[in-house]
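Report on the following structure.
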There are 2 protein chains.
Amino acid sequence: MVRPKRTKQHPNLQEAIKETAWEWIAQHGAPALSLRAIARELKITAPAIYNYFPNRDALVTALIIDAYTSFGDSQIAARDAVPADNLTGRLMAIGLAYRNWALTHPQRYQLIFGTPIPGYEAPLMEVLPSAARSLSALVSVLDALRVVSKLNAEEFPAVKKEFKTSFEMWKTYGGNYDILSLSVAVLIWARVHGIVSLEIAGNLPPFGTDGNGLYTYEMAAIEKQFIKE
Amino acid sequence: MVRPKRTKQHPNLQEAIKETAWEWIAQHGAPALSLRAIARELKITAPAIYNYFPNRDALVTALIIDAYTSFGDSQIAARDAVPADNLTGRLMAIGLAYRNWALTHPQRYQLIFGTPIPGYEAPLMEVLPSAARSLSALVSVLDALRVVSKLNAEEFPAVKKEFKTSFEMWKTYGGNYDILSLSVAVLIWARVHGIVSLEIAGNLPPFGTDGNGLYTYEMAAIEKQFIKE
DNA sequence: AAAAATAAATAAACGCCGTATATTTACAGC
DNA sequence: GCTGTAAATATACGGCGTTTATTTATTTTT
């Protein structure tokens, strides 16, 4: 067979490849993703994909960036749905949105925070902008609490000097907040991530409280620990 | 080439396969594990492995069980190194041992708690005994605290009925403790897991406090939240 | 001791995969 | 209308898990 006319093809193949990849991931799981499978779906030969992505990992990176953007949109929307003077409400809204997004898009969640692709490691520099933005919603609320002296983190461990340059880099994409707010955000992120990742992987429900109850309890504990009054 | 004499072979190939697998994982990472690579290392043909493991996933399961056993040994040893009347000390020792084991054996940690093998999902029934035992150290300390009315978890969400049968199954391998103790243990597990998994994946240091400081802070917070007085 | 049965290895092959190379062809600009 | 480029195909390579058939070492039975 020869190359078909462009008018018979997908108008923008780059986007079609990503869409097909997401469909495949949703249906067969991230580990089953393969360029050849995408090509089959699109009735294209596999090497044709290399005109749009230099290799499989580059495609995965593009998918991750898209997922981060979707996740960040959800985080920011949740924050902005609560009035800016209700900081506790904003913190809770962000926390709820976190789990909701993860349960709605478990494959995307695992693509970002897990390591479902064999041998793939996300290139930090490419992913950083969308990743930093997704965390910035939480950081912004914590920083606002800090500004009004309501952030209870006086005894929080200091950031080592060698990490301060990378913090400056984070600021470029995440916003100009205090490094303490970012540090606390990372810890809170680790806590919600701990529960949600176990829940999504199916390791939570069999032998403990259900995910919803546990998550609510954990969010209350976070509020009590980090917000004064 | 024909089949070589057994005297020239490894005496117990089953164990040799697992050892070679661990060496390969340590050197090339879990995602790069392959039966053919193991066979090459052992100067064996790949199908020969099928005499000892029905397929690749079965080998991975065996590796996971070994890792859980090593992890559980470390947890139990840490607990028993502190006198039984010093429950807070035991809790802290278990927490420290958790991170130490994870940092000492990052590949084993990711093999257990991550999803580094494409398409592999651990069969619960096979892994449960060693997994339940590894968590039992923490559960036993929490239950001892509960017995002396020092466990601060009165408001902990209850376990839904549909999970109680699987709790009974857990008891078979993890020991006869109250379900509240197990529930709290799962939450604490999620919290330390959240930090350690981020640290091992390299997502923690660049933009926040170092793992050691953060972990110490988190352990103190856990103690304060769950232990009375 | 010889023969039969069993177990454990090899050899070969199938259908996947990512990817590199060379080739063809549709399309755009002159 | 010709030419250069970009985008597709065709082909191929090596690696993977796994299956099948076959060979052979070892064990068991007679």
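Within each chain, counting starts at residue 1; across the structure tokens, chains are named A, B, ... in the order shown, with ligands numbered 1 upward in that order.
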(request) May I have all residues of segment 102-191 of chain B that DSSP, computed from the backbone, assigns to alpha helix (DSSP H), given as a ChimeraX atom specification? (result) /B:102-104,106-113,124-147,164-174,179-191
(request) For Ala97 of chain A, please output as a VMD selection string all residues within 10 Å (counting only C-alpha atoms (C1' of nucleotides); exclusion window: fewer than 4 positions along the same chain). (result) chain A and resid 71 74 to 79 91 to 93 101 to 103
I need the residues from that last selection saved to file as a compact mmCIF listing (two decimals), in the first residue's frame (with N, CA, C and O atoms), if you can.
```txt
# COMPACT_ATOMS: atom_id res chain seq x y z
N PHE A 71 -5.34 18.18 35.87
CA PHE A 71 -5.34 18.12 37.33
C PHE A 71 -5.21 19.52 37.93
O PHE A 71 -5.95 19.89 38.86
N SER A 74 -8.38 21.48 37.71
CA SER A 74 -9.33 21.06 38.75
C SER A 74 -8.97 21.66 40.10
O SER A 74 -9.86 22.11 40.85
N GLN A 75 -7.69 21.68 40.43
CA GLN A 75 -7.25 22.24 41.72
C GLN A 75 -7.56 23.74 41.80
O GLN A 75 -8.09 24.23 42.80
N ILE A 76 -7.23 24.44 40.74
CA ILE A 76 -7.41 25.89 40.76
C ILE A 76 -8.90 26.24 40.77
O ILE A 76 -9.34 27.15 41.48
N ALA A 77 -9.69 25.49 40.00
CA ALA A 77 -11.13 25.75 39.98
C ALA A 77 -11.75 25.52 41.35
O ALA A 77 -12.61 26.28 41.80
N ALA A 78 -11.29 24.46 42.03
CA ALA A 78 -11.82 24.18 43.36
C ALA A 78 -11.49 25.32 44.32
O ALA A 78 -12.34 25.74 45.12
N ARG A 79 -10.27 25.81 44.23
CA ARG A 79 -9.88 26.90 45.11
C ARG A 79 -10.73 28.14 44.84
O ARG A 79 -11.26 28.77 45.76
N LEU A 91 -8.91 25.40 51.52
CA LEU A 91 -8.05 24.23 51.75
C LEU A 91 -8.85 22.94 51.62
O LEU A 91 -8.42 21.98 50.96
N MET A 92 -10.02 22.93 52.24
CA MET A 92 -10.85 21.73 52.18
C MET A 92 -11.31 21.45 50.75
O MET A 92 -11.34 20.30 50.29
N ALA A 93 -11.67 22.50 50.04
CA ALA A 93 -12.14 22.32 48.65
C ALA A 93 -11.03 21.73 47.79
O ALA A 93 -11.27 20.83 46.96
N TRP A 101 -10.67 14.19 41.57
CA TRP A 101 -10.00 14.09 40.27
C TRP A 101 -9.33 12.73 40.14
O TRP A 101 -9.40 12.09 39.08
N ALA A 102 -8.69 12.29 41.20
CA ALA A 102 -7.98 11.01 41.14
C ALA A 102 -8.93 9.85 40.89
O ALA A 102 -8.64 8.94 40.10
N LEU A 103 -10.11 9.88 41.55
CA LEU A 103 -11.05 8.78 41.36
C LEU A 103 -11.74 8.86 40.00
O LEU A 103 -12.14 7.84 39.44
```
(request) Within 9 Å of chain A, which residues of chain D are there when counting only C-alpha atoms (C1' of nucleotides)? Please give them as a list in words. (result)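 So the contacting residues turn out to be DA7, DA8, DT9 and DA10 of chain D.
By only C-alpha atoms (C1' of nucleotides), and with residues fewer than 6 positions from segment 15-21 of chain C along its chain excluded, the set lying at most 9 Å from it is A:Ser34, A:Leu35, A:Arg36, A:Pro47, A:Asn55, A:Arg56, D:DT11, D:DA12, D:DC13, D:DG15, D:DC16, D:DG17.
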Those selected residues, please, written with N, CA, C and O atoms (P, O5', C5', C4', C3', O3' and C1' of nucleotides) and delivered as a PDB file, in the first residue's frame.
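Full text of again20.pdb as output:
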```pdb
ATOM      1  N   SER A  34       1.050   1.059  23.697  1.00  0.00           N
ATOM      2  CA  SER A  34       2.135   0.798  22.750  1.00  0.00           C
ATOM      3  C   SER A  34       1.897   1.605  21.486  1.00  0.00           C
ATOM      4  O   SER A  34       0.757   1.848  21.083  1.00  0.00           O
ATOM      5  N   LEU A  35       2.988   2.005  20.882  1.00  0.00           N
ATOM      6  CA  LEU A  35       2.877   2.790  19.654  1.00  0.00           C
ATOM      7  C   LEU A  35       2.180   1.986  18.560  1.00  0.00           C
ATOM      8  O   LEU A  35       1.384   2.525  17.791  1.00  0.00           O
ATOM      9  N   ARG A  36       2.468   0.710  18.514  1.00  0.00           N
ATOM     10  CA  ARG A  36       1.862  -0.109  17.469  1.00  0.00           C
ATOM     11  C   ARG A  36       0.345  -0.209  17.662  1.00  0.00           C
ATOM     12  O   ARG A  36      -0.411  -0.222  16.684  1.00  0.00           O
ATOM     13  N   PRO A  47       5.776   3.525  12.496  1.00  0.00           N
ATOM     14  CA  PRO A  47       6.833   4.543  12.340  1.00  0.00           C
ATOM     15  C   PRO A  47       6.286   5.930  12.012  1.00  0.00           C
ATOM     16  O   PRO A  47       6.992   6.928  12.212  1.00  0.00           O
ATOM     17  N   ASN A  55      10.010   9.536  20.205  1.00  0.00           N
ATOM     18  CA  ASN A  55       9.972   8.149  20.666  1.00  0.00           C
ATOM     19  C   ASN A  55       8.799   7.976  21.623  1.00  0.00           C
ATOM     20  O   ASN A  55       8.071   8.929  21.894  1.00  0.00           O
ATOM     21  N   ARG A  56       8.667   6.772  22.111  1.00  0.00           N
ATOM     22  CA  ARG A  56       7.525   6.482  22.969  1.00  0.00           C
ATOM     23  C   ARG A  56       7.530   7.336  24.234  1.00  0.00           C
ATOM     24  O   ARG A  56       6.491   7.830  24.670  1.00  0.00           O
TER      25      ARG A  56
ATOM     26  P    DT D  11       7.436  -4.743   1.770  1.00  0.00           P
ATOM     27  O5'  DT D  11       8.777  -4.823   2.644  1.00  0.00           O
ATOM     28  C5'  DT D  11       9.913  -4.044   2.254  1.00  0.00           C
ATOM     29  C4'  DT D  11      10.973  -4.060   3.333  1.00  0.00           C
ATOM     30  C3'  DT D  11      11.129  -5.388   4.081  1.00  0.00           C
ATOM     31  O3'  DT D  11      12.441  -5.861   3.868  1.00  0.00           O
ATOM     32  C1'  DT D  11      11.198  -3.556   5.563  1.00  0.00           C
ATOM     33  P    DA D  12      12.890  -7.338   4.328  1.00  0.00           P
ATOM     34  O5'  DA D  12      13.814  -7.013   5.582  1.00  0.00           O
ATOM     35  C5'  DA D  12      14.664  -5.876   5.538  1.00  0.00           C
ATOM     36  C4'  DA D  12      15.162  -5.561   6.932  1.00  0.00           C
ATOM     37  C3'  DA D  12      15.379  -6.802   7.815  1.00  0.00           C
ATOM     38  O3'  DA D  12      16.712  -6.828   8.266  1.00  0.00           O
ATOM     39  C1'  DA D  12      14.161  -5.120   8.965  1.00  0.00           C
ATOM     40  P    DC D  13      17.306  -8.126   8.943  1.00  0.00           P
ATOM     41  O5'  DC D  13      17.709  -7.594  10.377  1.00  0.00           O
ATOM     42  C5'  DC D  13      18.263  -6.291  10.523  1.00  0.00           C
ATOM     43  C4'  DC D  13      18.288  -5.944  11.989  1.00  0.00           C
ATOM     44  C3'  DC D  13      18.445  -7.166  12.884  1.00  0.00           C
ATOM     45  O3'  DC D  13      19.516  -6.992  13.778  1.00  0.00           O
ATOM     46  C1'  DC D  13      16.561  -5.880  13.540  1.00  0.00           C
ATOM     47  P    DG D  15      19.389  -8.537  21.179  1.00  0.00           P
ATOM     48  O5'  DG D  15      18.080  -8.416  22.065  1.00  0.00           O
ATOM     49  C5'  DG D  15      17.727  -7.174  22.658  1.00  0.00           C
ATOM     50  C4'  DG D  15      16.299  -7.255  23.137  1.00  0.00           C
ATOM     51  C3'  DG D  15      15.990  -8.520  23.937  1.00  0.00           C
ATOM     52  O3'  DG D  15      15.797  -8.210  25.325  1.00  0.00           O
ATOM     53  C1'  DG D  15      14.284  -8.028  22.339  1.00  0.00           C
ATOM     54  P    DC D  16      15.592  -9.370  26.349  1.00  0.00           P
ATOM     55  O5'  DC D  16      14.014  -9.573  26.367  1.00  0.00           O
ATOM     56  C5'  DC D  16      13.169  -8.511  26.802  1.00  0.00           C
ATOM     57  C4'  DC D  16      11.722  -8.855  26.528  1.00  0.00           C
ATOM     58  C3'  DC D  16      11.296 -10.225  27.018  1.00  0.00           C
ATOM     59  O3'  DC D  16      10.930 -10.126  28.383  1.00  0.00           O
ATOM     60  C1'  DC D  16      10.376  -9.743  24.859  1.00  0.00           C
ATOM     61  P    DG D  17      10.775 -11.444  29.230  1.00  0.00           P
ATOM     62  O5'  DG D  17       9.344 -11.977  28.755  1.00  0.00           O
ATOM     63  C5'  DG D  17       8.181 -11.250  29.113  1.00  0.00           C
ATOM     64  C4'  DG D  17       6.942 -11.996  28.655  1.00  0.00           C
ATOM     65  C3'  DG D  17       6.734 -13.356  29.323  1.00  0.00           C
ATOM     66  O3'  DG D  17       5.351 -13.544  29.599  1.00  0.00           O
ATOM     67  C1'  DG D  17       6.952 -13.654  26.981  1.00  0.00           C
TER      68       DG D  17
END
```
(message) Please check the contacts: residues of chain B at most 7 Å away from chain A, using only C-alpha atoms, listed as a PyMOL selection string.
(response) chain B and resi 31-32+114-119+157-160+163+166-167+182-183+186+190-191+193-195+206-210+213-214
(request) Find the residues around segment 1-6 of chain D up to 12 Å (only C-alpha atoms (C1' of nucleotides) counted), leave out those fewer than 6 positions away in its own chain, and share them as a list of chain:residue names. (result)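 These residues fall inside the cut-off: A:Arg6, A:Ala48, A:Asn51, A:Tyr52, C:DT25, C:DA26, C:DC27, C:DA28, C:DG29, C:DC30.
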